[in-house]
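So this one's upload17.cif, mmCIF, C-alpha atoms and all ligand atoms:
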data_input
#
loop_
_atom_site.label_atom_id
_atom_site.label_comp_id
_atom_site.auth_asym_id
_atom_site.auth_seq_id
_atom_site.Cartn_x
_atom_site.Cartn_y
_atom_site.Cartn_z
CA MET A 438 1.94 -23.67 52.07
CA LYS A 439 -1.40 -24.56 50.44
CA ARG A 440 -2.63 -20.99 50.95
CA THR A 441 0.49 -19.59 49.18
CA LEU A 442 0.03 -21.94 46.22
CA ALA A 443 -3.65 -21.00 45.92
CA ALA A 444 -2.76 -17.31 46.05
CA ALA A 445 -0.08 -17.79 43.37
CA LEU A 446 -2.46 -19.68 41.07
CA ALA A 447 -5.13 -16.99 41.55
CA ALA A 448 -2.58 -14.29 40.71
CA PHE A 449 -1.47 -16.19 37.58
CA ALA A 450 -5.04 -16.72 36.44
CA CYS A 451 -5.81 -13.02 36.45
CA MET A 452 -2.58 -12.31 34.53
CA ALA A 453 -3.25 -14.82 31.75
CA PRO A 454 -5.06 -13.20 28.82
CA SER A 455 -8.72 -14.10 28.84
CA HIS A 456 -9.10 -14.46 25.04
CA ALA A 457 -12.05 -16.40 23.69
CA ALA A 458 -9.84 -17.34 20.72
CA ASP A 459 -6.69 -16.23 18.88
CA VAL A 460 -6.39 -15.16 15.25
CA GLU A 461 -3.12 -15.67 13.41
CA VAL A 462 -2.65 -12.78 10.99
CA LEU A 463 -0.08 -12.76 8.15
CA HIS A 464 1.05 -9.25 7.22
CA TYR A 465 4.15 -7.35 6.07
CA TRP A 466 3.84 -4.21 8.18
CA THR A 467 7.30 -4.27 9.74
CA SER A 468 8.67 -0.72 9.30
CA GLY A 469 8.37 1.84 12.14
CA GLY A 470 5.11 3.38 10.95
CA GLU A 471 3.67 0.06 9.79
CA ALA A 472 4.40 -1.70 13.07
CA ARG A 473 2.66 1.07 15.04
CA SER A 474 -0.36 0.59 12.78
CA ALA A 475 -0.39 -3.19 13.17
CA ALA A 476 -0.31 -2.66 16.95
CA GLU A 477 -3.62 -0.80 16.61
CA LEU A 478 -5.23 -3.92 15.14
CA LYS A 479 -3.86 -6.07 17.95
CA LYS A 480 -5.34 -3.56 20.46
CA ALA A 481 -8.72 -3.52 18.71
CA LEU A 482 -8.89 -7.32 18.85
CA ALA A 483 -7.88 -7.50 22.51
CA ALA A 484 -10.76 -5.13 23.31
CA ARG A 485 -13.04 -7.78 21.76
CA GLY A 486 -11.45 -10.64 23.68
CA ILE A 487 -9.59 -11.96 20.62
CA GLY A 488 -5.88 -12.78 20.90
CA TRP A 489 -3.35 -11.86 18.19
CA LYS A 490 -0.84 -14.39 16.87
CA ASP A 491 1.57 -12.28 14.84
CA PHE A 492 2.74 -13.74 11.52
CA ALA A 493 4.82 -10.84 10.21
CA VAL A 494 6.92 -11.37 7.07
CA ALA A 495 9.19 -8.43 6.24
CA GLY A 496 9.53 -7.18 2.69
CA GLY A 497 7.86 -4.11 1.22
CA ALA A 498 4.74 -4.63 -0.91
CA GLY A 499 4.43 -8.20 0.29
CA ASP A 500 6.23 -10.49 -2.18
CA ASN A 501 7.84 -12.44 0.68
CA ALA A 502 4.52 -12.55 2.53
CA ALA A 503 2.75 -13.95 -0.54
CA THR A 504 5.33 -16.75 -0.75
CA ALA A 505 4.94 -17.56 2.94
CA LEU A 506 1.15 -17.61 2.56
CA LYS A 507 1.29 -20.04 -0.37
CA ALA A 508 3.50 -22.40 1.65
CA ARG A 509 1.14 -22.35 4.63
CA VAL A 510 -2.01 -22.88 2.54
CA MET A 511 -0.44 -25.67 0.45
CA SER A 512 0.63 -27.44 3.65
CA GLY A 513 -2.98 -27.30 4.87
CA SER A 514 -2.37 -24.88 7.73
CA PRO A 515 -3.43 -21.41 6.59
CA PRO A 516 -3.41 -18.46 8.97
CA SER A 517 -6.80 -17.07 10.11
CA ALA A 518 -6.23 -14.04 7.89
CA ALA A 519 -3.63 -12.57 5.54
CA GLN A 520 -2.89 -9.16 4.02
CA VAL A 521 -4.05 -9.89 0.46
CA LYS A 522 -5.68 -7.41 -1.94
CA GLY A 523 -7.11 -6.83 -5.37
CA PRO A 524 -7.33 -9.57 -8.07
CA ALA A 525 -5.36 -12.05 -5.89
CA ILE A 526 -8.48 -12.34 -3.71
CA GLN A 527 -10.34 -13.90 -6.66
CA GLU A 528 -7.46 -16.29 -7.32
CA TRP A 529 -7.55 -17.48 -3.71
CA GLY A 530 -11.33 -17.80 -4.00
CA ASP A 531 -10.89 -20.08 -7.00
CA GLU A 532 -8.72 -22.34 -4.79
CA GLY A 533 -11.70 -22.94 -2.49
CA VAL A 534 -9.73 -22.11 0.68
CA LEU A 535 -11.47 -18.96 1.90
CA ALA A 536 -13.75 -18.38 4.90
CA SER A 537 -16.82 -16.17 4.53
CA ILE A 538 -17.40 -13.12 6.71
CA ASP A 539 -20.62 -12.35 4.88
CA ALA A 540 -22.76 -12.66 8.04
CA VAL A 541 -21.05 -9.77 9.84
CA ALA A 542 -20.75 -7.74 6.63
CA ARG A 543 -24.51 -8.02 6.05
CA ALA A 544 -25.35 -7.38 9.73
CA GLU A 545 -23.15 -4.25 9.72
CA LYS A 546 -24.38 -3.17 6.28
CA TRP A 547 -20.91 -2.88 4.69
CA ASP A 548 -22.46 -2.37 1.24
CA ALA A 549 -23.80 0.98 2.43
CA LEU A 550 -20.48 1.94 4.08
CA LEU A 551 -18.06 1.16 1.23
CA PRO A 552 -17.66 2.55 -2.30
CA PRO A 553 -19.25 -0.09 -4.60
CA ALA A 554 -15.93 -0.71 -6.38
CA VAL A 555 -14.25 -1.45 -3.03
CA ALA A 556 -17.06 -3.75 -1.84
CA ALA A 557 -16.73 -5.74 -5.09
CA ILE A 558 -12.99 -6.32 -4.51
CA MET A 559 -13.72 -7.74 -1.03
CA LYS A 560 -16.24 -10.32 -2.30
CA TYR A 561 -15.86 -13.71 -3.94
CA LYS A 562 -18.96 -14.83 -5.85
CA GLY A 563 -21.03 -12.16 -4.10
CA ARG A 564 -19.98 -13.01 -0.49
CA TYR A 565 -17.54 -10.98 1.60
CA VAL A 566 -14.28 -12.84 2.22
CA ALA A 567 -12.04 -9.87 3.02
CA ALA A 568 -12.25 -6.81 5.26
CA PRO A 569 -10.79 -3.54 3.83
CA VAL A 570 -8.35 -1.74 6.09
CA ASN A 571 -7.62 1.58 4.36
CA VAL A 572 -7.12 3.54 1.17
CA HIS A 573 -3.49 4.36 0.37
CA ARG A 574 -2.70 6.93 -2.31
CA VAL A 575 0.36 5.89 -4.33
CA ASN A 576 0.95 8.91 -6.60
CA TRP A 577 2.70 11.08 -3.99
CA LEU A 578 6.06 12.86 -3.97
CA TRP A 579 7.49 13.36 -0.45
CA VAL A 580 9.61 16.49 -0.15
CA ASN A 581 11.91 17.92 2.51
CA PRO A 582 11.34 21.73 2.45
CA ALA A 583 14.62 22.43 4.27
CA VAL A 584 16.48 20.70 1.42
CA LEU A 585 14.51 22.76 -1.11
CA LYS A 586 15.47 25.94 0.77
CA LYS A 587 19.14 24.94 0.94
CA ALA A 588 19.09 24.29 -2.82
CA GLY A 589 17.03 27.38 -3.70
CA ALA A 590 14.39 25.09 -5.22
CA THR A 591 10.59 24.94 -4.98
CA ALA A 592 8.17 22.02 -4.68
CA PRO A 593 7.36 20.76 -8.20
CA ALA A 594 3.90 20.28 -9.73
CA THR A 595 5.08 19.47 -13.27
CA PHE A 596 7.97 17.43 -14.67
CA ASP A 597 9.76 20.59 -15.86
CA GLU A 598 9.58 21.95 -12.30
CA PHE A 599 10.62 18.53 -10.94
CA PHE A 600 13.79 18.38 -13.04
CA ALA A 601 14.59 22.03 -12.23
CA ALA A 602 14.33 21.25 -8.50
CA ALA A 603 16.30 18.01 -8.91
CA ASP A 604 19.11 19.86 -10.68
CA LYS A 605 19.32 22.43 -7.88
CA ILE A 606 19.29 19.78 -5.13
CA LYS A 607 22.01 17.82 -6.92
CA ALA A 608 24.07 21.04 -7.37
CA ALA A 609 23.73 21.60 -3.60
CA GLY A 610 25.48 18.25 -3.10
CA LEU A 611 22.40 16.36 -1.84
CA VAL A 612 20.55 13.36 -3.26
CA ALA A 613 17.70 14.66 -5.41
CA VAL A 614 15.62 11.43 -5.47
CA ALA A 615 15.69 8.92 -2.61
CA HIS A 616 14.86 5.46 -3.96
CA GLY A 617 15.24 1.78 -3.19
CA GLY A 618 16.34 -0.42 -6.10
CA GLN A 619 13.75 -3.19 -5.63
CA PRO A 620 11.27 -4.24 -8.36
CA TRP A 621 8.19 -3.10 -6.46
CA GLN A 622 9.74 0.33 -5.78
CA ASP A 623 10.80 0.66 -9.41
CA ALA A 624 7.22 -0.18 -10.42
CA THR A 625 5.81 2.32 -7.91
CA LEU A 626 7.98 5.06 -9.44
CA PHE A 627 7.14 3.92 -12.99
CA GLU A 628 3.38 3.98 -12.52
CA SER A 629 3.41 7.51 -11.09
CA VAL A 630 5.50 8.65 -14.06
CA ALA A 631 3.10 6.91 -16.48
CA LEU A 632 0.17 8.66 -14.79
CA GLY A 633 1.92 12.02 -14.95
CA VAL A 634 3.09 11.69 -18.57
CA GLY A 635 -0.03 10.10 -20.04
CA GLY A 636 -2.88 10.91 -17.66
CA PRO A 637 -5.52 8.61 -16.10
CA GLU A 638 -7.06 7.39 -19.37
CA PHE A 639 -3.64 6.36 -20.75
CA TYR A 640 -2.81 4.78 -17.37
CA ARG A 641 -6.05 2.78 -17.35
CA LYS A 642 -5.70 1.56 -20.96
CA ALA A 643 -2.02 0.64 -20.50
CA LEU A 644 -1.72 -0.70 -16.95
CA VAL A 645 -5.25 -1.94 -16.18
CA GLN A 646 -6.67 -3.01 -19.55
CA LEU A 647 -3.18 -3.98 -20.81
CA ASP A 648 -4.06 -2.64 -24.25
CA GLN A 649 -1.18 -3.58 -26.57
CA ALA A 650 -1.38 -0.46 -28.74
CA THR A 651 -1.25 1.79 -25.67
CA LEU A 652 1.61 -0.21 -24.13
CA THR A 653 3.70 0.32 -27.29
CA SER A 654 2.50 3.90 -27.93
CA PRO A 655 4.75 7.00 -28.20
CA THR A 656 3.33 8.06 -24.79
CA MET A 657 4.70 4.87 -23.21
CA VAL A 658 8.07 5.51 -24.89
CA LYS A 659 7.97 9.04 -23.44
CA THR A 660 7.17 7.53 -20.01
CA PHE A 661 10.32 5.41 -20.17
CA ASP A 662 12.34 8.40 -21.45
CA THR A 663 11.17 10.38 -18.39
CA LEU A 664 12.00 7.46 -16.10
CA ALA A 665 15.48 7.23 -17.63
CA ARG A 666 16.01 10.91 -16.81
CA ILE A 667 14.79 10.45 -13.20
CA LYS A 668 17.30 7.58 -12.82
CA THR A 669 20.15 10.09 -13.16
CA TYR A 670 19.06 11.75 -9.87
CA ILE A 671 19.05 8.53 -7.80
CA ASP A 672 22.19 7.83 -5.73
CA ARG A 673 24.45 4.84 -6.35
CA GLY A 674 23.58 3.32 -2.97
CA ALA A 675 19.96 2.72 -4.03
CA ALA A 676 20.37 -0.95 -5.09
CA GLY A 677 18.39 -3.16 -2.68
CA ARG A 678 17.63 -0.28 -0.29
CA ASP A 679 14.37 -0.80 1.68
CA TRP A 680 11.70 1.82 1.00
CA ASN A 681 11.63 3.11 4.58
CA LEU A 682 15.40 3.72 4.51
CA ALA A 683 14.87 5.85 1.41
CA THR A 684 12.13 7.70 3.31
CA ALA A 685 14.57 8.18 6.21
CA MET A 686 16.97 9.94 3.78
CA VAL A 687 14.24 12.54 3.11
CA ILE A 688 13.30 12.73 6.81
CA ASN A 689 16.94 13.41 7.76
CA GLY A 690 17.62 15.90 4.97
CA LYS A 691 20.08 13.71 3.07
CA ALA A 692 17.70 13.63 0.09
CA GLY A 693 15.15 16.07 -1.24
CA MET A 694 12.36 13.94 -2.70
CA GLN A 695 10.90 10.40 -2.82
CA PHE A 696 8.19 8.99 -5.09
CA MET A 697 6.23 6.67 -2.74
CA GLY A 698 2.77 5.80 -1.54
CA ASP A 699 1.54 7.44 1.65
CA TRP A 700 2.70 4.60 3.89
CA ALA A 701 5.82 6.80 3.72
CA LYS A 702 3.85 9.38 5.71
CA GLY A 703 3.64 6.77 8.47
CA GLU A 704 7.43 6.98 8.75
CA PHE A 705 7.39 10.79 9.00
CA THR A 706 4.64 10.50 11.65
CA ALA A 707 6.56 7.85 13.61
CA ALA A 708 9.59 10.20 13.53
CA GLY A 709 7.46 13.02 14.97
CA ARG A 710 7.63 15.10 11.77
CA LYS A 711 4.79 17.47 10.87
CA PRO A 712 3.31 17.91 7.38
CA GLY A 713 3.76 21.39 5.92
CA VAL A 714 6.63 22.02 8.36
CA ASP A 715 9.12 19.12 8.23
CA PHE A 716 7.83 17.57 5.01
CA LEU A 717 5.51 18.26 2.10
CA CYS A 718 3.10 15.80 0.47
CA VAL A 719 2.92 16.78 -3.18
CA PRO A 720 1.04 14.89 -5.91
CA ALA A 721 3.64 13.24 -8.17
CA PRO A 722 4.41 15.55 -11.11
CA GLY A 723 1.43 15.92 -13.46
CA THR A 724 -0.92 13.80 -11.30
CA ALA A 725 -2.65 16.40 -9.07
CA ASN A 726 -6.07 15.55 -10.52
CA ALA A 727 -5.66 11.76 -10.25
CA PHE A 728 -5.53 9.21 -7.45
CA THR A 729 -3.77 5.85 -7.69
CA TYR A 730 -5.39 3.69 -5.03
CA ASN A 731 -4.01 0.78 -3.05
CA ILE A 732 -6.41 -0.83 -0.59
CA ASP A 733 -5.03 -3.17 2.06
CA SER A 734 -7.41 -5.90 3.10
CA MET A 735 -7.42 -8.91 5.41
CA LEU A 736 -8.46 -12.04 3.54
CA MET A 737 -10.00 -14.82 5.68
CA PHE A 738 -8.98 -18.48 5.26
CA GLU A 739 -10.82 -21.70 6.15
CA THR A 740 -8.67 -23.20 8.94
CA GLY A 741 -10.93 -26.10 9.95
CA LYS A 742 -10.68 -25.04 13.62
CA SER A 743 -14.03 -24.63 15.38
CA ASP A 744 -13.14 -21.40 17.19
CA GLN A 745 -12.09 -19.55 14.03
CA PRO A 746 -15.33 -18.55 12.27
CA LYS A 747 -16.44 -16.47 15.27
CA ALA A 748 -12.94 -15.01 15.76
CA GLN A 749 -12.69 -14.12 12.06
CA GLN A 750 -16.06 -12.36 12.17
CA ALA A 751 -14.82 -10.41 15.21
CA LEU A 752 -11.60 -9.51 13.31
CA ALA A 753 -13.64 -8.31 10.35
CA SER A 754 -15.92 -6.26 12.57
CA ALA A 755 -12.94 -4.70 14.37
CA ILE A 756 -11.30 -3.74 11.05
CA MET A 757 -14.43 -2.01 9.80
CA SER A 758 -15.14 -0.21 13.10
CA PRO A 759 -14.86 3.61 12.96
CA ALA A 760 -12.51 3.63 15.97
CA PHE A 761 -10.03 1.26 14.32
CA GLN A 762 -10.35 2.94 10.92
CA GLU A 763 -9.29 6.18 12.63
CA SER A 764 -6.50 4.91 14.89
CA PHE A 765 -4.96 2.60 12.28
CA ASN A 766 -4.97 5.13 9.43
CA LEU A 767 -3.63 7.96 11.59
CA ASN A 768 -0.51 5.82 12.04
CA LYS A 769 -0.41 4.19 8.60
CA GLY A 770 -0.51 7.35 6.48
CA SER A 771 -3.60 6.12 4.61
CA ILE A 772 -7.22 7.22 4.96
CA PRO A 773 -10.31 5.33 6.21
CA VAL A 774 -11.98 3.16 3.57
CA ARG A 775 -15.49 3.34 5.10
CA ALA A 776 -17.90 6.22 5.51
CA GLY A 777 -18.63 7.71 8.92
CA VAL A 778 -15.10 8.25 10.25
CA PRO A 779 -14.56 11.86 11.48
CA ARG A 780 -11.86 13.86 9.63
CA THR A 781 -10.93 15.98 12.66
CA ARG A 782 -7.81 14.09 13.77
CA PHE A 783 -6.38 13.65 10.26
CA ASP A 784 -3.61 15.93 8.96
CA ALA A 785 -3.54 18.08 5.83
CA CYS A 786 -2.07 15.31 3.65
CA ALA A 787 -4.84 12.88 4.66
CA ILE A 788 -7.53 15.54 4.14
CA LYS A 789 -6.11 16.20 0.67
CA SER A 790 -6.26 12.48 -0.02
CA MET A 791 -9.90 12.36 1.12
CA ASP A 792 -10.86 15.33 -1.05
CA ASP A 793 -8.86 14.13 -4.07
CA MET A 794 -10.35 10.62 -3.77
CA THR A 795 -13.83 12.11 -4.10
CA ALA A 796 -12.88 14.55 -6.88
CA SER A 797 -10.87 12.01 -8.91
CA GLY A 798 -13.69 9.47 -8.61
CA LYS A 799 -16.06 11.98 -10.21
CA ARG A 800 -13.72 12.56 -13.20
CA GLY A 801 -12.73 8.93 -13.84
CA ALA A 802 -9.24 9.56 -12.47
CA PHE A 803 -9.42 7.13 -9.52
CA VAL A 804 -7.19 4.32 -10.80
CA PRO A 805 -5.94 1.05 -9.27
CA SER A 806 -2.22 0.69 -8.50
CA MET A 807 -0.54 -1.86 -10.76
CA ALA A 808 2.61 -1.99 -8.58
CA HIS A 809 0.52 -2.78 -5.49
CA ASN A 810 -1.55 -5.65 -6.78
CA MET A 811 -4.75 -3.73 -7.41
CA ALA A 812 -4.90 -3.62 -11.22
CA VAL A 813 -3.91 -6.88 -12.89
CA ALA A 814 -3.51 -10.57 -12.09
CA PRO A 815 -0.26 -11.47 -10.25
CA ALA A 816 1.34 -13.29 -13.20
CA ALA A 817 1.11 -10.32 -15.59
CA GLN A 818 2.05 -7.88 -12.83
CA GLY A 819 5.16 -9.86 -11.94
CA ALA A 820 6.29 -10.08 -15.56
CA MET A 821 5.72 -6.35 -16.11
CA MET A 822 7.60 -5.44 -12.95
CA ASP A 823 10.55 -7.53 -14.15
CA VAL A 824 10.70 -5.47 -17.36
CA ILE A 825 10.58 -2.19 -15.41
CA ALA A 826 13.31 -3.38 -13.03
CA ARG A 827 15.47 -4.45 -16.00
CA PHE A 828 14.99 -0.99 -17.51
CA MET A 829 15.98 0.69 -14.23
CA ASN A 830 19.15 -1.41 -14.01
CA SER A 831 20.36 -1.23 -17.60
CA LYS A 832 20.71 1.05 -20.59
CA MET A 833 17.65 -0.54 -22.23
CA ALA A 834 16.17 1.73 -24.91
CA SER A 835 12.71 3.16 -24.13
CA LYS A 836 11.24 1.70 -27.33
CA ASP A 837 12.53 -1.78 -26.41
CA ALA A 838 11.21 -1.39 -22.86
CA ALA A 839 7.73 -0.54 -24.13
CA ALA A 840 7.77 -3.56 -26.47
CA ALA A 841 8.95 -5.82 -23.64
CA LEU A 842 6.30 -4.42 -21.30
CA ALA A 843 3.57 -5.16 -23.85
CA LYS A 844 4.86 -8.72 -24.24
CA ALA A 845 5.01 -9.18 -20.45
CA ALA A 846 1.43 -7.94 -20.14
CA LYS A 847 0.30 -11.07 -22.04
CA THR A 848 1.62 -13.36 -19.28
CA ARG A 849 -1.14 -15.53 -17.80
C1 LIG B 1 2.00 -1.81 0.08
C2 LIG B 1 1.01 -2.03 1.21
C3 LIG B 1 1.21 -0.97 2.26
C4 LIG B 1 2.67 -0.90 2.69
C5 LIG B 1 3.63 -0.91 1.50
C6 LIG B 1 5.08 -1.09 1.92
O1 LIG B 1 1.77 -2.76 -0.93
O2 LIG B 1 -0.30 -1.95 0.69
O3 LIG B 1 0.36 -1.25 3.37
O4 LIG B 1 2.92 -1.96 3.52
O5 LIG B 1 3.31 -1.94 0.60
O6 LIG B 1 5.31 -2.34 2.42
#

With the file now loaded, output its structure as structure tokens.
Amino acid sequence: MKRTLAAALAAFACMAPSHAADVEVLHYWTSGGEARSAAELKKALAARGIGWKDFAVAGGAGDNAATALKARVMSGSPPSAAQVKGPAIQEWGDEGVLASIDAVARAEKWDALLPPAVAAIMKYKGRYVAAPVNVHRVNWLWVNPAVLKKAGATAPATFDEFFAAADKIKAAGLVAVAHGGQPWQDATLFESVALGVGGPEFYRKALVQLDQATLTSPTMVKTFDTLARIKTYIDRGAAGRDWNLATAMVINGKAGMQFMGDWAKGEFTAAGRKPGVDFLCVPAPGTANAFTYNIDSMLMFETGKSDQPKAQQALASAIMSPAFQESFNLNKGSIPVRAGVPRTRFDACAIKSMDDMTASGKRGAFVPSMAHNMAVAPAAQGAMMDVIARFMNSKMASKDAAAALAKAAKTR
């Protein structure tokens, strides 16, 4: 009897995970492609003896996750890390609740591996507090070539070509523009239209510097006029639709095009679709020479638990490792954020992103995404997104929308 018990205990012991510590990670990667990517982080941690406590909060672009994070921090029990990016990192730093990963960042020489602008976003008062995961490009149009063929249309590079294709797809009885009627998706569409209508300088002055004259300029009115025209190609079922269900409409040939960041490519990949064959990645109309960036990062929190500092450093090191940067981004649809990751396994869309990131950086056309928390403080962003959503769901005049957007931009 004793021998059996001993054998059973021995068997159990070798089954139990031998993790030095666990990290609890808050994220909102819950779609097909996103979940496959998150699994890569869990794998990378396990290889370093760190366990993964999943704190997934569904909801594209992370509004729900941000609310859950606030509740946990205010109750004094923050997760080890959370998917937080851009100016919000500084706001959390001001709260005095962050953990530093500066030791591993210095040891691994992150300053030499990251673009200076990216390194600056990851630091609070000169010390690394967040590890960057990727670079997503937002100004993409995802196109189903079989739908184009059926409609006798071609992939658009300009707005004139876009509306010509949309008319043909609609005449063929298919949905021209797949969209989800949620504020963050409306804002994602809006910012690509602003970039295409006004160009990177206009985009930067309006949506990053929040310049009042630019926000109420004739170019902004033209942006809303163009958005109003795009609205007429979105199907009635769009209200509340999740972004990945809109992507599925393009994947399955029910719709021809979707304005969305390249996390949408993660859905095509997860569905076994090939770029250039089953789908096309086309810069949003008028934005071929520009790159709207959205960089996911894992922000580290002070938990007060003795095993966390070491585990958080290991998490940070895993995120910045070339192997993870490759495996995660192959699934996520984004591109590696650090230097030294081979391009060989990346597809044509990712290679185009890599080349366009370099080229746009050289011509001042590498701009932060407002819709994805990279450009302005959360309060102003939220107020501006409310105006855009109101415009998308009403007959609001373009001139009034521009005036309301300028007013919202003053929110602090
Ligand atoms: C973005 C995020 C991406 C993706 C997308 C849809 O804000 O950076 O990683 O998750 O939302 O949820």

Do you have, as CSV, the list of residues of stretch 493-609 of chain A lying at most 12 Å from stretch 818-831 of chain A, each with its nearest atom pair and that distance in Å to one decimal, counting all atoms listed in the file and ordered by chain then number?
residue,atom,partner,partner_atom,distance
A:Asp500,CA,A:Gly819,CA,9.8
A:Gly523,CA,A:Gln818,CA,11.9
A:Pro524,CA,A:Gln818,CA,10.7
A:Ala525,CA,A:Gln818,CA,11.0

**OP:** Enumerate, as a PyMOL selection string, the protein, DNA and RNA residues whose atoms approach (-6.9, 12.2, -20.3) to within 12 Å, taking into account only C-alpha atoms and the coordinate frame of the file.
**Re:** chain A and resi 631-642+656+723-724+726-727+800-802

Original post:
Could you list, as a ChimeraX atom specification, all the residues within 8 Å of ligand LIG 1 (chain B), counting only C-alpha atoms and all ligand atoms?
Top reply: /A:465-468,471,496-499,573,680,698,700,731-733,769,808-810

May I have the residues from that selection written out with C-alpha atoms, as a PDB file, keeping the file's coordinate frame?
ATOM      1  CA  TYR A 465       4.150  -7.350   6.070  1.00  0.00           C
ATOM      2  CA  TRP A 466       3.840  -4.210   8.180  1.00  0.00           C
ATOM      3  CA  THR A 467       7.300  -4.270   9.740  1.00  0.00           C
ATOM      4  CA  SER A 468       8.670  -0.720   9.300  1.00  0.00           C
ATOM      5  CA  GLU A 471       3.670   0.060   9.790  1.00  0.00           C
ATOM      6  CA  GLY A 496       9.530  -7.180   2.690  1.00  0.00           C
ATOM      7  CA  GLY A 497       7.860  -4.110   1.220  1.00  0.00           C
ATOM      8  CA  ALA A 498       4.740  -4.630  -0.910  1.00  0.00           C
ATOM      9  CA  GLY A 499       4.430  -8.200   0.290  1.00  0.00           C
ATOM     10  CA  HIS A 573      -3.490   4.360   0.370  1.00  0.00           C
ATOM     11  CA  TRP A 680      11.700   1.820   1.000  1.00  0.00           C
ATOM     12  CA  GLY A 698       2.770   5.800  -1.540  1.00  0.00           C
ATOM     13  CA  TRP A 700       2.700   4.600   3.890  1.00  0.00           C
ATOM     14  CA  ASN A 731      -4.010   0.780  -3.050  1.00  0.00           C
ATOM     15  CA  ILE A 732      -6.410  -0.830  -0.590  1.00  0.00           C
ATOM     16  CA  ASP A 733      -5.030  -3.170   2.060  1.00  0.00           C
ATOM     17  CA  LYS A 769      -0.410   4.190   8.600  1.00  0.00           C
ATOM     18  CA  ALA A 808       2.610  -1.990  -8.580  1.00  0.00           C
ATOM     19  CA  HIS A 809       0.520  -2.780  -5.490  1.00  0.00           C
ATOM     20  CA  ASN A 810      -1.550  -5.650  -6.780  1.00  0.00           C
TER      21      ASN A 810
END

Subject >> Contact residues around stretch 598-609 of chain A with only C-alpha atoms at 10 Å, ignoring same-chain residues under 2 positions, as a VMD selection string >> reply: chain A and resid 584 to 596 611 to 614 663 666 to 667 669 to 671 692 to 694 721 to 723

Given only C-alpha atoms, how would the per-residue table for stretch 731-831 of chain A near stretch 643-646 of chain A read, listing every residue at most 10 Å away with its closest atom pair and distance in Å to one decimal, sorted by chain and number, as JSON lines?
{"residue": "A:Val804", "atom": "CA", "partner": "A:Val645", "partner_atom": "CA", "distance": 8.5}
{"residue": "A:Pro805", "atom": "CA", "partner": "A:Val645", "partner_atom": "CA", "distance": 7.6}
{"residue": "A:Ser806", "atom": "CA", "partner": "A:Leu644", "partner_atom": "CA", "distance": 8.6}
{"residue": "A:Met807", "atom": "CA", "partner": "A:Leu644", "partner_atom": "CA", "distance": 6.4}
{"residue": "A:Ala808", "atom": "CA", "partner": "A:Leu644", "partner_atom": "CA", "distance": 9.5}
{"residue": "A:Met811", "atom": "CA", "partner": "A:Val645", "partner_atom": "CA", "distance": 9.0}
{"residue": "A:Ala812", "atom": "CA", "partner": "A:Val645", "partner_atom": "CA", "distance": 5.2}
{"residue": "A:Val813", "atom": "CA", "partner": "A:Val645", "partner_atom": "CA", "distance": 6.1}
{"residue": "A:Ala814", "atom": "CA", "partner": "A:Val645", "partner_atom": "CA", "distance": 9.7}
{"residue": "A:Gln818", "atom": "CA", "partner": "A:Leu644", "partner_atom": "CA", "distance": 9.1}
{"residue": "A:Met821", "atom": "CA", "partner": "A:Leu644", "partner_atom": "CA", "distance": 9.4}

Original post:
What is the atom CA of A:Thr848-atom CA of A:Leu647 distance in Å, reported with one decimal?
Top reply: 10.6 Å

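Comparing the minimum interatomic distances between A:Thr706 and each of A:Cys718, A:Ala796, A:Leu767, A:Ala675, counting only C-alpha atoms, we find that A:Leu767 sits nearest.
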
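Residue nearest A:Ser758, chosen from A:Ala839, A:Val541, A:Ile487, A:Val580 and counting only C-alpha atoms: A:Val541.
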
Original post:
Could you work out how far atom CA of A:Ala484 lies from atom CA of A:Ala549, giving the answer in Å with one decimal?
Top reply: 25.4 Å

Original post:
Using all atoms listed in the file, which of A:Ala615, A:Ala845, A:Ala751, A:Ala834 sits nearest A:Arg673?
Top reply: A:Ala615

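Across the structure, atom CA of A:Gly610 and atom CA of A:Arg678 are spaced 20.3 Å apart.
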
Subject >> Surrounding residues of A:Phe728 excluding itself and chain neighbours under 5 positions, 8 Å, only C-alpha atoms, as a VMD selection string >> reply: chain A and resid 574 to 576 793 to 794 797 802 to 804

So that I have them on file, write out the residues from the current selection with C-alpha atoms, as a PDB file, in the frame of the given file.
ATOM      1  CA  ARG A 574      -2.700   6.930  -2.310  1.00  0.00           C
ATOM      2  CA  VAL A 575       0.360   5.890  -4.330  1.00  0.00           C
ATOM      3  CA  ASN A 576       0.950   8.910  -6.600  1.00  0.00           C
ATOM      4  CA  ASP A 793      -8.860  14.130  -4.070  1.00  0.00           C
ATOM      5  CA  MET A 794     -10.350  10.620  -3.770  1.00  0.00           C
ATOM      6  CA  SER A 797     -10.870  12.010  -8.910  1.00  0.00           C
ATOM      7  CA  ALA A 802      -9.240   9.560 -12.470  1.00  0.00           C
ATOM      8  CA  PHE A 803      -9.420   7.130  -9.520  1.00  0.00           C
ATOM      9  CA  VAL A 804      -7.190   4.320 -10.800  1.00  0.00           C
TER      10      VAL A 804
END

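Taking all atoms listed in the file into account, A:Ala708 lies nearest to A:Gly469 out of the set A:Ala503, A:Asp531, A:Gly469, A:Met791.
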
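Candidate residues A:Ala748, A:Met697, A:Ala502, A:Ala495 were compared for distance to A:Ser517, and the nearest is A:Ala748, using all atoms listed in the file.
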
Subject >> Spatial neighbours of A:Leu478, 12 Å, only C-alpha atoms, chain gap at least 2 places, as a PyMOL selection string >> reply: chain A and resi 460+462+464+466+471-476+480-485+487-491+570+735+751-758+760-766+768-769

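Using all atoms listed in the file, the residues found no farther than 12 Å from stretch 709-712 of chain A, other than those of its own chain fewer than 5 positions away, are Gly469, Gly470, Trp579, Val580, Asn581, Pro582, Ala685, Val687, Ile688, Asn689, Ala701, Lys702, Gly703, Glu704, Leu717, Cys718, Val719, Asn768, Gly770, Phe783, Asp784, Ala785, Cys786, Ala787, Ile788 and Lys789 of chain A.
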